[in-house]
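Okay, entry_12.txt now, which holds compact mmCIF, C-alpha atoms:
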# COMPACT_ATOMS: atom_id res chain seq x y z
CA MET A 1 8.48 -14.96 63.32
CA GLU A 2 10.14 -16.63 60.40
CA ASP A 3 8.39 -18.91 57.98
CA ASP A 4 10.63 -21.69 59.09
CA TYR A 5 8.64 -24.65 60.33
CA TYR A 6 11.01 -25.15 63.23
CA SER A 7 11.24 -21.53 64.30
CA ILE A 8 10.44 -21.35 67.99
CA ASP A 9 9.40 -17.73 67.63
CA SER A 10 6.75 -18.60 65.05
CA ILE A 11 5.47 -21.47 67.10
CA LEU A 12 5.07 -19.24 70.12
CA ALA A 13 3.52 -16.43 68.11
CA GLU A 14 1.00 -18.77 66.56
CA ASN A 15 -0.12 -19.99 69.93
CA GLN A 16 -2.72 -17.26 70.23
CA LYS A 17 -6.38 -18.08 69.76
CA ILE A 18 -8.65 -16.38 67.28
CA GLN A 19 -12.38 -16.53 66.92
CA CYS A 20 -13.51 -18.62 63.95
CA THR A 21 -16.96 -19.25 62.56
CA PHE A 22 -17.31 -22.65 61.02
CA LYS A 23 -19.02 -22.84 57.69
CA VAL A 24 -19.69 -26.54 57.69
CA ASP A 25 -20.58 -29.16 60.23
CA VAL A 26 -17.66 -30.98 61.70
CA PRO A 27 -18.58 -34.23 63.39
CA ASP A 28 -16.99 -35.17 66.70
CA MET A 29 -14.78 -32.13 67.00
CA GLY A 30 -16.76 -30.35 69.69
CA HIS A 31 -13.92 -30.75 72.18
CA LEU A 32 -11.86 -28.10 70.38
CA ASP A 33 -13.79 -25.53 72.28
CA GLY A 34 -12.64 -27.10 75.50
CA GLY A 35 -15.11 -29.31 77.33
CA LYS A 36 -18.11 -30.67 75.60
CA ALA A 37 -17.86 -33.45 73.07
CA GLY A 38 -20.21 -33.69 70.14
CA ASP A 39 -20.28 -32.00 66.76
CA ILE A 40 -19.48 -28.50 65.68
CA LYS A 41 -22.45 -27.07 63.81
CA ALA A 42 -22.09 -24.71 60.89
CA LEU A 43 -22.10 -21.04 61.89
CA SER A 44 -20.96 -21.78 65.43
CA LYS A 45 -18.19 -19.66 66.85
CA VAL A 46 -15.13 -21.41 68.27
CA GLN A 47 -11.83 -20.13 69.61
CA ILE A 48 -9.08 -21.85 67.69
CA PRO A 49 -5.30 -21.42 67.93
CA LEU A 50 -3.85 -19.68 64.93
CA TRP A 51 -1.85 -22.60 63.63
CA MET A 52 -5.01 -24.65 63.30
CA ALA A 53 -7.10 -21.78 62.04
CA TYR A 54 -4.63 -21.26 59.20
CA ILE A 55 -5.51 -24.58 57.59
CA LEU A 56 -9.21 -24.30 58.28
CA ILE A 57 -9.41 -20.93 56.61
CA TYR A 58 -7.26 -21.98 53.70
CA SER A 59 -9.44 -24.99 53.07
CA ASP A 60 -12.43 -22.75 53.41
CA TYR A 61 -14.03 -24.55 56.35
CA ALA A 62 -14.20 -21.45 58.52
CA ASP A 63 -14.14 -17.70 58.60
CA PHE A 64 -12.40 -15.60 61.18
CA THR A 65 -12.65 -12.18 62.77
CA ILE A 66 -9.84 -9.85 63.73
CA PRO A 67 -8.83 -10.89 67.25
CA PRO A 68 -8.75 -8.47 70.22
CA PRO A 69 -5.02 -7.69 70.10
CA PHE A 70 -5.62 -5.95 66.77
CA ALA A 71 -9.08 -4.56 67.29
CA ALA A 72 -10.04 -1.00 66.47
CA ARG A 73 -9.62 0.04 70.10
CA VAL A 74 -6.00 -1.08 70.13
CA ARG A 75 -5.32 0.56 66.80
CA ASN A 76 -6.71 3.86 68.03
CA ALA A 77 -4.56 3.69 71.13
CA LEU A 78 -1.52 3.00 68.97
CA ASN A 79 -2.32 5.90 66.69
CA ALA A 80 -2.52 8.19 69.67
CA GLU A 81 0.61 7.16 71.54
CA PRO A 82 2.38 3.94 70.55
CA ARG A 83 4.68 3.97 73.52
CA SER A 84 1.97 3.91 76.11
CA VAL A 85 0.27 0.75 74.91
CA ARG A 86 1.20 -2.31 76.92
CA LEU A 87 1.74 -4.97 74.30
CA SER A 88 2.38 -7.65 76.86
CA ASN A 89 -1.17 -7.23 78.15
CA LEU A 90 -2.53 -8.09 74.74
CA VAL A 91 -0.71 -11.33 74.20
CA GLY A 92 0.36 -12.46 77.65
CA GLN A 93 3.65 -11.89 79.43
CA GLY A 94 5.93 -13.85 77.12
CA GLY A 95 3.85 -13.15 74.09
CA LEU A 96 4.86 -12.01 70.65
CA TRP A 97 2.50 -9.31 69.47
CA TYR A 98 4.46 -8.51 66.35
CA GLY A 99 4.79 -12.16 65.47
CA PHE A 100 1.08 -12.69 65.93
CA GLY A 101 0.34 -9.66 63.77
CA ARG A 102 2.54 -11.00 61.05
CA MET A 103 0.70 -14.32 61.01
CA MET A 104 -2.57 -12.44 60.81
CA MET A 105 -1.22 -10.49 57.87
CA HIS A 106 -0.85 -13.72 55.95
CA LEU A 107 -4.48 -14.51 56.51
CA LEU A 108 -5.83 -11.24 55.25
CA ASN A 109 -6.46 -9.91 51.79
CA ASP A 110 -4.54 -7.05 50.22
CA GLU A 111 -6.15 -4.05 51.80
CA PRO A 112 -6.54 -5.08 55.42
CA ALA A 113 -3.13 -6.72 55.25
CA GLU A 114 -1.55 -3.47 54.08
CA GLU A 115 -3.27 -1.67 56.90
CA LEU A 116 -2.11 -4.19 59.46
CA SER A 117 1.41 -4.06 58.10
CA ARG A 118 1.35 -0.30 58.39
CA VAL A 119 0.15 -0.46 61.98
CA LEU A 120 2.82 -3.00 62.90
CA THR A 121 5.73 -1.16 61.30
CA GLU A 122 4.75 2.23 62.64
CA THR A 123 4.25 0.93 66.13
CA PHE A 124 7.58 -0.81 66.01
CA ARG A 125 9.37 2.26 64.72
CA ALA A 126 7.81 4.48 67.32
CA ARG A 127 8.63 2.19 70.22
CA LEU A 128 12.14 1.29 69.13
CA PRO A 129 13.95 4.46 70.28
CA GLU A 130 12.27 4.12 73.67
CA VAL A 131 13.41 0.49 73.97
CA ILE A 132 16.97 1.36 73.07
CA ASP A 133 17.07 4.40 75.36
CA GLN A 134 16.03 2.34 78.30
CA ALA A 135 18.48 -0.39 77.37
CA GLN A 136 21.37 2.07 77.32
CA HIS A 137 20.26 3.61 80.57
CA PHE A 138 20.17 0.21 82.20
CA ALA A 139 23.49 -0.73 80.69
CA SER A 140 25.13 2.20 82.38
CA LEU A 141 23.42 1.37 85.67
CA GLN A 142 24.82 -2.11 85.58
CA ALA A 143 28.29 -1.21 84.43
CA SER A 144 28.83 1.30 87.21
CA ALA A 145 28.93 -1.23 90.04
CA GLY A 146 25.20 -2.07 89.97
CA SER A 147 23.46 0.67 91.88
CA GLY A 148 20.33 -1.43 92.32
CA SER A 149 17.11 -0.88 90.43
CA ARG A 150 16.34 2.76 90.42
CA GLY A 151 12.67 2.24 89.52
CA GLY A 152 12.67 5.86 88.46
CA ASP A 153 9.60 7.04 86.64
CA ALA A 154 6.50 4.94 86.93
CA THR A 155 5.91 5.32 83.20
CA VAL A 156 9.38 4.06 82.47
CA ALA A 157 8.87 0.92 84.52
CA GLN A 158 5.45 0.48 82.96
CA PHE A 159 6.85 0.64 79.48
CA ARG A 160 9.39 -1.96 80.37
CA GLU A 161 6.72 -4.33 81.60
CA GLY A 162 4.61 -3.62 78.56
CA MET A 163 7.23 -4.69 76.06
CA ASP A 164 6.48 -7.68 73.93
CA GLY A 165 8.85 -10.60 73.32
CA THR A 166 10.56 -9.12 70.28
CA GLU A 167 11.16 -5.82 72.03
CA ARG A 168 12.60 -7.60 75.02
CA GLU A 169 15.06 -9.35 72.76
CA LEU A 170 16.17 -6.04 71.26
CA PHE A 171 16.38 -4.54 74.73
CA GLN A 172 18.71 -7.27 75.78
CA LEU A 173 20.90 -6.98 72.69
CA ALA A 174 21.24 -3.24 73.11
CA GLN A 175 21.91 -3.53 76.81
CA GLU A 176 24.62 -6.14 76.31
CA SER A 177 26.50 -4.25 73.63
CA ALA A 178 26.23 -0.94 75.45
CA LYS A 179 27.46 -2.55 78.64
CA LYS A 180 30.47 -4.15 76.96
CA THR A 181 31.49 -0.89 75.34
CA LYS A 182 31.00 1.06 78.52
CA VAL A 183 33.05 -1.38 80.57
CA TRP A 184 35.81 -1.15 78.00
CA TYR A 185 35.84 2.64 78.12
CA GLU A 186 35.91 2.57 81.87
CA THR A 187 38.88 0.29 82.19
CA SER A 188 40.70 2.91 80.20
CA GLU A 189 40.48 5.54 82.91
CA ARG A 190 41.73 3.27 85.60
CA GLY A 191 44.89 2.44 83.63
CA ARG A 192 45.81 -1.17 83.96
CA ARG A 193 49.40 -2.44 84.05
CA MET B 1 33.29 -23.47 65.76
CA ALA B 2 30.68 -22.64 68.36
CA LEU B 3 30.75 -19.29 70.09
CA PRO B 4 29.05 -18.71 73.42
CA PRO B 5 25.83 -16.73 72.93
CA SER B 6 27.27 -13.55 74.39
CA LEU B 7 29.92 -13.41 71.68
CA ARG B 8 27.67 -14.22 68.76
CA THR B 9 26.18 -10.82 68.24
CA SER B 10 29.24 -8.66 67.73
CA ILE B 11 32.97 -8.31 68.15
CA THR B 12 34.11 -7.42 71.66
CA PRO B 13 35.77 -4.05 72.27
CA PRO B 14 39.07 -5.60 73.41
CA GLU B 15 39.19 -7.49 70.10
CA LEU B 16 38.70 -4.23 68.23
CA GLU B 17 41.48 -2.72 70.28
CA LEU B 18 43.74 -5.56 69.21
CA VAL B 19 42.92 -4.97 65.56
CA ALA B 20 43.54 -1.26 65.96
CA SER B 21 46.94 -1.78 67.53
CA GLU B 22 48.31 -2.91 64.19
CA GLN B 23 48.28 0.69 63.06
CA LEU B 24 51.61 2.43 62.77
CA VAL B 25 52.52 5.27 65.08
CA GLU B 26 55.64 7.33 65.19
CA ILE B 27 58.03 6.95 68.10
CA VAL B 28 61.28 8.44 69.29
CA PRO B 29 63.21 5.39 70.46
CA LEU B 30 65.57 5.52 73.40
CA VAL B 31 67.29 2.24 72.63
CA SER B 32 68.79 0.75 69.53
CA MET B 33 67.36 -2.18 67.71
CA GLU B 34 68.20 -3.83 64.45
CA ARG B 35 65.67 -4.30 61.74
CA THR B 36 63.67 -7.20 63.18
CA ALA B 37 61.13 -9.45 61.55
CA PHE B 38 57.83 -9.88 63.35
CA ILE B 39 54.80 -11.84 62.26
CA SER B 40 53.08 -8.80 60.79
CA GLY B 41 56.18 -7.39 59.13
CA ALA B 42 59.70 -6.15 59.66
CA TYR B 43 60.20 -2.96 61.65
CA GLY B 44 63.15 -0.88 62.63
CA PRO B 45 66.01 -0.28 62.78
CA LEU B 46 65.63 1.89 65.84
CA ARG B 47 68.40 4.45 66.03
CA PRO B 48 67.85 7.06 68.72
CA PRO B 49 67.06 9.86 68.40
CA THR B 50 65.68 9.35 64.87
CA LYS B 51 61.94 8.91 64.68
CA CYS B 52 60.60 5.64 63.43
CA LYS B 53 57.21 4.19 62.57
CA VAL B 54 56.23 1.04 64.41
CA PRO B 55 52.90 -0.68 65.15
CA LEU B 56 50.99 0.54 68.16
CA TRP B 57 51.41 -2.71 70.05
CA MET B 58 55.15 -2.40 69.83
CA ALA B 59 55.13 1.28 70.65
CA SER B 60 53.02 0.72 73.74
CA ASN B 61 55.22 -2.15 74.82
CA LEU B 62 58.39 -0.09 74.47
CA LYS B 63 56.78 2.85 76.21
CA LEU B 64 55.83 0.79 79.21
CA LYS B 65 59.41 -0.33 79.51
CA LYS B 66 60.41 3.31 79.18
CA LYS B 67 62.32 2.66 75.99
CA CYS B 68 60.67 5.22 73.75
CA HIS B 69 58.54 8.32 73.52
CA ILE B 70 55.43 8.28 71.40
CA VAL B 71 54.68 11.06 68.95
CA PRO B 72 50.95 11.72 69.09
CA PRO B 73 49.16 11.30 65.76
CA VAL B 74 48.11 14.40 63.85
CA TRP B 75 44.55 14.30 65.11
CA LEU B 76 45.21 13.72 68.79
CA ASN B 77 45.46 17.25 70.07
CA THR B 78 43.09 19.74 71.63
CA ASP B 79 42.74 22.03 68.60
CA PHE B 80 41.79 19.35 66.12
CA LEU B 81 39.38 17.70 68.52
CA GLN B 82 37.80 20.99 69.52
CA GLU B 83 37.22 21.77 65.86
CA ARG B 84 35.65 18.36 65.33
CA LEU B 85 33.48 18.81 68.40
CA THR B 86 32.02 22.07 67.12
CA GLU B 87 31.43 20.38 63.81
CA GLU B 88 29.61 17.54 65.56
CA THR B 89 27.38 19.83 67.51
CA THR B 90 26.50 22.09 64.60
CA SER B 91 26.00 19.79 61.65
CA PRO B 92 23.44 16.95 61.55
CA SER B 93 25.82 14.48 59.93
CA PHE B 94 28.77 12.76 61.54
CA SER B 95 32.08 14.55 61.21
CA GLU B 96 35.03 12.72 59.77
CA MET B 97 37.08 11.00 62.43
CA PRO B 98 39.86 8.48 61.92
CA PHE B 99 38.19 5.12 61.72
CA ARG B 100 39.71 3.68 64.87
CA PHE B 101 40.13 6.86 66.84
CA ALA B 102 38.49 5.48 69.97
CA GLU B 103 40.88 2.57 70.37
CA LEU B 104 44.00 4.55 69.44
CA ALA B 105 43.10 7.41 71.71
CA LYS B 106 42.37 5.13 74.63
CA THR B 107 45.64 3.23 74.30
CA LEU B 108 47.71 6.36 73.93
CA LEU B 109 46.01 8.06 76.84
CA ASP B 110 46.68 4.97 78.91
CA VAL B 111 50.35 4.37 78.22
CA ALA B 112 51.66 7.77 77.17
CA PRO B 113 49.78 10.62 78.79
CA ASP B 114 53.07 12.40 79.32
CA ASP B 115 53.72 12.53 75.57
CA LEU B 116 50.44 14.34 74.90
CA GLN B 117 49.82 17.97 75.61
CA ASN B 118 46.86 18.40 77.93
CA PRO B 119 45.63 14.78 78.25
CA GLU B 120 42.74 15.66 80.57
CA ARG B 121 41.30 18.10 78.09
CA ILE B 122 41.72 15.54 75.32
CA ARG B 123 39.84 12.99 77.38
CA SER B 124 36.96 15.30 77.98
CA LEU B 125 36.83 16.40 74.33
CA LEU B 126 36.74 12.79 73.21
CA LYS B 127 33.93 12.07 75.64
CA ASP B 128 31.92 15.00 74.32
CA ILE B 129 32.47 13.95 70.74
CA ARG B 130 31.37 10.46 71.60
CA GLU B 131 28.20 11.66 73.24
CA ALA B 132 27.31 13.96 70.36
CA ARG B 133 27.71 11.09 67.93
CA GLN B 134 25.65 8.79 70.09
CA ALA B 135 22.82 11.27 70.04
CA LYS B 136 22.98 11.37 66.25
CA SER B 137 22.96 7.63 65.88
CA ARG B 138 19.90 7.58 68.09
CA GLU B 139 18.18 9.83 65.58
CA GLY B 140 19.26 7.49 62.83
CA LEU B 141 17.51 4.73 64.74
CA ALA B 142 14.17 6.46 64.35
CA LYS B 143 14.62 6.37 60.58
CA LEU B 144 15.26 2.66 60.58
CA ASP B 145 14.05 1.02 57.42
CA HIS B 146 13.95 -2.59 56.38
CA ASN B 147 15.90 -1.84 53.24
CA GLU B 148 18.91 0.22 54.05
CA LEU B 149 20.24 2.86 56.35
CA LEU B 150 23.19 5.04 55.54
CA LEU B 151 25.20 6.53 58.39
CA ASN B 152 28.34 8.10 57.03
CA ASN B 153 31.54 8.47 58.97
CA LEU B 154 30.76 6.16 61.83
CA CYS B 155 33.81 4.71 63.49
CA ALA B 156 34.72 1.15 64.37
CA MET B 157 33.72 1.18 68.03
CA GLU B 158 30.44 2.93 67.33
CA ILE B 159 29.49 0.57 64.54
CA ASN B 160 30.24 -2.33 66.80
CA GLU B 161 28.06 -0.94 69.55
CA ILE B 162 24.97 -0.38 67.44
CA ARG B 163 25.33 -3.35 65.11
CA PRO B 164 23.42 -6.02 67.10
CA PHE B 165 20.19 -4.19 67.67
CA PHE B 166 20.21 -2.25 64.40
CA VAL B 167 20.51 -5.46 62.44
CA ARG B 168 17.89 -7.23 64.52
CA GLY B 169 15.57 -4.24 64.26
CA MET B 170 15.90 -4.20 60.48
CA ASP B 171 15.25 -7.92 60.51
CA VAL B 172 12.00 -7.43 62.41
CA LEU B 173 10.95 -4.61 60.10
CA THR B 174 11.58 -6.79 57.08
CA LYS B 175 9.27 -9.43 58.51
CA LEU B 176 6.60 -6.91 59.33
CA THR B 177 6.66 -5.03 56.04
CA ARG B 178 4.38 -6.45 53.47
CA GLU B 179 5.73 -6.26 49.97
CA PRO B 180 3.09 -5.60 47.34
CA GLY B 181 2.29 -8.77 45.50
CA GLN B 182 2.76 -11.07 48.46
CA ASP B 183 0.07 -13.68 48.30
CA ALA B 184 -2.63 -13.51 50.92
CA MET B 185 -4.44 -16.58 52.07
CA ASP B 186 -7.84 -15.89 50.65
CA GLN B 187 -6.86 -14.77 47.22
CA THR B 188 -8.15 -17.09 44.55
Take the structure in this file and express it as structure tokens.
Amino acid sequence: MEDDYYSIDSILAENQKIQCTFKVDVPDMGHLDGGKAGDIKALSKVQIPLWMAYILIYSDYADFTIPPPFAARVRNALNAEPRSVRLSNLVGQGGLWYGFGRMMMHLLNDEPAEELSRVLTETFRARLPEVIDQAQHFASLQASAGSGSRGGDATVAQFREGMDGTERELFQLAQESAKKTKVWYETSERGRR
Amino acid sequence: MALPPSLRTSITPPELELVASEQLVEIVPLVSMERTAFISGAYGPLRPPTKCKVPLWMASNLKLKKKCHIVPPVWLNTDFLQERLTEETTSPSFSEMPFRFAELAKTLLDVAPDDLQNPERIRSLLKDIREARQAKSREGLAKLDHNELLLNNLCAMEINEIRPFFVRGMDVLTKLTREPGQDAMDQT
């Protein structure tokens, strides 16, 4: 998600396709749409990965529309209950929804960018306590002699599957640190030496 | 120096314990010792039955060899901890606890339970305090901002536990928050 050219997170986040409408004819680039050769005519819609779309839009060769992961439907669902939306469905299992959103933010003008930023931050803030809660719960499960996966609530497992890449990273960080602390506290009761 | 990935995010609790064991505690020695120079400083002389202040690592070492009795610190007793516990449960902010209370308490409960009055009760009080504080830090998490977050009176072990994901979370929020005046692509 950084602006660093070499950042793996940005590269992965930018791998999503968005719908672009070309403004000019582009000879011999028909294969970008996958399949047919030939030219791209002006006003034809093509699905382009974000990293390519960036340059096209900047150089004013194409226009774009807000892609499905950030459509009105998704925004409404997030307004209603951020924790029930499965972000991994929107961008694929290893996807980075927040990263993608951030790239989109750079493409937009002031007002829609503000709006998108607001959606992203509020969703993140709302989902974060849930992520950390689950991480700490799982840390304690693992520390106490691994009692197997207690699936538990269906919603809980669903949330876990619906986490996007960034949230998974935070989940892992929280789980690790909670586990280390818990293990340390536990060795205290058993009294070594 | 390259650390393995598991150690890159925060200090490990045993390391914190090591740092905490530099703190001085009072002991009643049972053996004599001249004033001796150690790496961290000179301690002693030990003249039983006069009390003496030595670092925790030394106190715990002597205790395990049955060469001293440890005097519990002022805050390690049921009354003080009970008072702090009620404070934790009633007020929304963290109560003041000695910065490294978790490590000190754990070491003393381990090596010298016989020098403390009511060690079981102390253990359970400490556990309750810890859980109350954890609940509060969870609330602090919901207020996470990309700029700053002030949590007063957190102690060493607690800071260490929440540091990795708090910092990463703030990092993510910084990336996602759009500062006014940031240039957008289509602005001419």
Chain A residues near chain B within 9 Å, closest pair each, using only C-alpha atoms, as JSON lines:
{"residue": "A:Met1", "atom": "CA", "partner": "B:Lys175", "partner_atom": "CA", "distance": 7.4}
{"residue": "A:Glu2", "atom": "CA", "partner": "B:Lys175", "partner_atom": "CA", "distance": 7.5}
{"residue": "A:Tyr54", "atom": "CA", "partner": "B:Met185", "partner_atom": "CA", "distance": 8.5}
{"residue": "A:Ile57", "atom": "CA", "partner": "B:Asp186", "partner_atom": "CA", "distance": 8.0}
{"residue": "A:Tyr58", "atom": "CA", "partner": "B:Met185", "partner_atom": "CA", "distance": 6.3}
{"residue": "A:Asp60", "atom": "CA", "partner": "B:Asp186", "partner_atom": "CA", "distance": 8.7}
{"residue": "A:Tyr98", "atom": "CA", "partner": "B:Leu176", "partner_atom": "CA", "distance": 7.5}
{"residue": "A:Gly99", "atom": "CA", "partner": "B:Leu176", "partner_atom": "CA", "distance": 8.3}
{"residue": "A:Gly101", "atom": "CA", "partner": "B:Leu176", "partner_atom": "CA", "distance": 8.2}
{"residue": "A:Arg102", "atom": "CA", "partner": "B:Leu176", "partner_atom": "CA", "distance": 6.0}
{"residue": "A:Met105", "atom": "CA", "partner": "B:Ala184", "partner_atom": "CA", "distance": 7.7}
{"residue": "A:His106", "atom": "CA", "partner": "B:Ala184", "partner_atom": "CA", "distance": 5.3}
{"residue": "A:Leu107", "atom": "CA", "partner": "B:Met185", "partner_atom": "CA", "distance": 4.9}
{"residue": "A:Leu108", "atom": "CA", "partner": "B:Ala184", "partner_atom": "CA", "distance": 5.8}
{"residue": "A:Asn109", "atom": "CA", "partner": "B:Ala184", "partner_atom": "CA", "distance": 5.3}
{"residue": "A:Asp110", "atom": "CA", "partner": "B:Ala184", "partner_atom": "CA", "distance": 6.8}
{"residue": "A:Ala113", "atom": "CA", "partner": "B:Arg178", "partner_atom": "CA", "distance": 7.7}
{"residue": "A:Glu114", "atom": "CA", "partner": "B:Arg178", "partner_atom": "CA", "distance": 6.7}
{"residue": "A:Ser117", "atom": "CA", "partner": "B:Thr177", "partner_atom": "CA", "distance": 5.7}
{"residue": "A:Arg118", "atom": "CA", "partner": "B:Thr177", "partner_atom": "CA", "distance": 7.5}
{"residue": "A:Leu120", "atom": "CA", "partner": "B:Leu176", "partner_atom": "CA", "distance": 6.5}
{"residue": "A:Thr121", "atom": "CA", "partner": "B:Leu176", "partner_atom": "CA", "distance": 6.1}
{"residue": "A:Phe124", "atom": "CA", "partner": "B:Leu173", "partner_atom": "CA", "distance": 7.8}
{"residue": "A:Arg125", "atom": "CA", "partner": "B:Ala142", "partner_atom": "CA", "distance": 6.4}
{"residue": "A:Ala126", "atom": "CA", "partner": "B:Ala142", "partner_atom": "CA", "distance": 7.3}
{"residue": "A:Leu128", "atom": "CA", "partner": "B:Ala142", "partner_atom": "CA", "distance": 7.3}
{"residue": "A:Pro129", "atom": "CA", "partner": "B:Ala142", "partner_atom": "CA", "distance": 6.3}
{"residue": "A:Ile132", "atom": "CA", "partner": "B:Phe165", "partner_atom": "CA", "distance": 8.4}
{"residue": "A:Asp133", "atom": "CA", "partner": "B:Arg138", "partner_atom": "CA", "distance": 8.4}
{"residue": "A:Thr166", "atom": "CA", "partner": "B:Val172", "partner_atom": "CA", "distance": 8.2}
{"residue": "A:Glu169", "atom": "CA", "partner": "B:Phe165", "partner_atom": "CA", "distance": 8.9}
{"residue": "A:Leu170", "atom": "CA", "partner": "B:Phe165", "partner_atom": "CA", "distance": 5.7}
{"residue": "A:Phe171", "atom": "CA", "partner": "B:Phe165", "partner_atom": "CA", "distance": 8.0}
{"residue": "A:Gln172", "atom": "CA", "partner": "B:Phe165", "partner_atom": "CA", "distance": 8.8}
{"residue": "A:Leu173", "atom": "CA", "partner": "B:Phe165", "partner_atom": "CA", "distance": 5.8}
{"residue": "A:Ala174", "atom": "CA", "partner": "B:Phe165", "partner_atom": "CA", "distance": 5.6}
{"residue": "A:Glu176", "atom": "CA", "partner": "B:Ser6", "partner_atom": "CA", "distance": 8.1}
{"residue": "A:Ser177", "atom": "CA", "partner": "B:Glu161", "partner_atom": "CA", "distance": 5.5}
{"residue": "A:Ala178", "atom": "CA", "partner": "B:Glu161", "partner_atom": "CA", "distance": 6.2}
{"residue": "A:Lys180", "atom": "CA", "partner": "B:Pro13", "partner_atom": "CA", "distance": 7.1}
{"residue": "A:Thr181", "atom": "CA", "partner": "B:Pro13", "partner_atom": "CA", "distance": 6.1}
{"residue": "A:Trp184", "atom": "CA", "partner": "B:Pro13", "partner_atom": "CA", "distance": 6.4}
{"residue": "A:Tyr185", "atom": "CA", "partner": "B:Lys106", "partner_atom": "CA", "distance": 7.8}
{"residue": "A:Ser188", "atom": "CA", "partner": "B:Lys106", "partner_atom": "CA", "distance": 6.2}
{"residue": "A:Glu189", "atom": "CA", "partner": "B:Asp110", "partner_atom": "CA", "distance": 7.4}
{"residue": "A:Arg190", "atom": "CA", "partner": "B:Asp110", "partner_atom": "CA", "distance": 8.5}
{"residue": "A:Gly191", "atom": "CA", "partner": "B:Asp110", "partner_atom": "CA", "distance": 5.6}
{"residue": "A:Arg192", "atom": "CA", "partner": "B:Asp110", "partner_atom": "CA", "distance": 8.0}
{"residue": "A:Arg193", "atom": "CA", "partner": "B:Leu64", "partner_atom": "CA", "distance": 8.7}
Between CA of Asp128 in chain B and CA of Pro92 in chain B, what distance in Å does the model show, to one decimal?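 CA of Pro92 in chain B lies at a distance of 15.5 Å from CA of Asp128 in chain B.
The space between CA of Thr90 in chain B and CA of Glu120 in chain B spans 23.7 Å.
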Any idea what the distance is between CA of Glu22 in chain B and CA of Pro55 in chain B?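 Between these atoms lies a distance of 5.2 Å.
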Expected axis-aligned box over every listed atom of range 92-101 of chain B, 4 Å added per side, centre plus edges in Å to one decimal, as lines of an AutoDock Vina configuration file:
center_x = 31.8
center_y = 10.3
center_z = 63.3
size_x = 24.7
size_y = 21.3
size_z = 15.1
Contact residues around Ile40 in chain A with all atoms listed in the file at 8 Å, ignoring same-chain residues under 2 positions, as a list in words: Phe22, Asp25, Val26, Pro27, Asp28, Met29, Gly30, Gly38, Ala42 and Ser44 of chain A
Point out the residue among B:Leu125, B:Phe94, B:Pro45, B:Leu56 with the least atom-to-atom distance to Gln82 in chain B, counting only C-alpha atoms.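 Closest to Gln82 in chain B of all the choices is B:Leu125.
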Report as a list in words all protein, DNA and RNA residues lying within 6 Å of Lys23 in chain A, evaluated on only C-alpha atoms, omitting residues in the same chain fewer than 2 positions from it.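 Within the cut-off, the hits are Ala42, Leu43, Tyr61 and Ala62 of chain A.
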Selection to disk with C-alpha atoms, as a compact mmCIF listing (two decimals), keeping the file's coordinate frame:
# COMPACT_ATOMS: atom_id res chain seq x y z
CA ALA A 42 -22.09 -24.71 60.89
CA LEU A 43 -22.10 -21.04 61.89
CA TYR A 61 -14.03 -24.55 56.35
CA ALA A 62 -14.20 -21.45 58.52
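Nearest-residue note for Trp57 in chain B: choosing from B:Ala135, B:Val25, B:Met97, B:Val31, the minimum distance belongs to B:Val25, counting all atoms listed in the file.
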What residues have an atom no more than 10 Å from (40.2, 10.5, 63.6) in the file's own frame, counting all atoms listed in the file, and can you write them as a list in words?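 The answer, in the requested form, is Pro73, Val74, Trp75, Leu76, Phe80, Leu81, Arg84, Ser95, Glu96, Met97, Pro98, Phe99, Arg100, Phe101, Ala102, Leu104, Ala105 and Cys155 of chain B.
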Which residue, B:Leu18, B:Cys68, B:Leu149, B:Cys52, has the smallest gap to Met170 in chain B when you use only C-alpha atoms?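 Of all the options, B:Leu149 lies closest to Met170 in chain B.
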Spatial neighbours of range 71-84 of chain A, 12 Å, all atoms listed in the file, chain gap at least 5 places, as an MDAnalysis selection string: chainID A and resid 18 65:66 89:90 97 101 115:131 154:164 167
Neighbours of Asn77 in chain B within 10 Å (all atoms listed in the file; same-chain residues fewer than 5 positions away dropped), as a list of chain:residue names?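 Once the adjacent positions are removed, what remains is B:Pro72, B:Gln82, B:Leu116, B:Gln117, B:Asn118, B:Pro119, B:Arg121, B:Ile122, B:Leu125.
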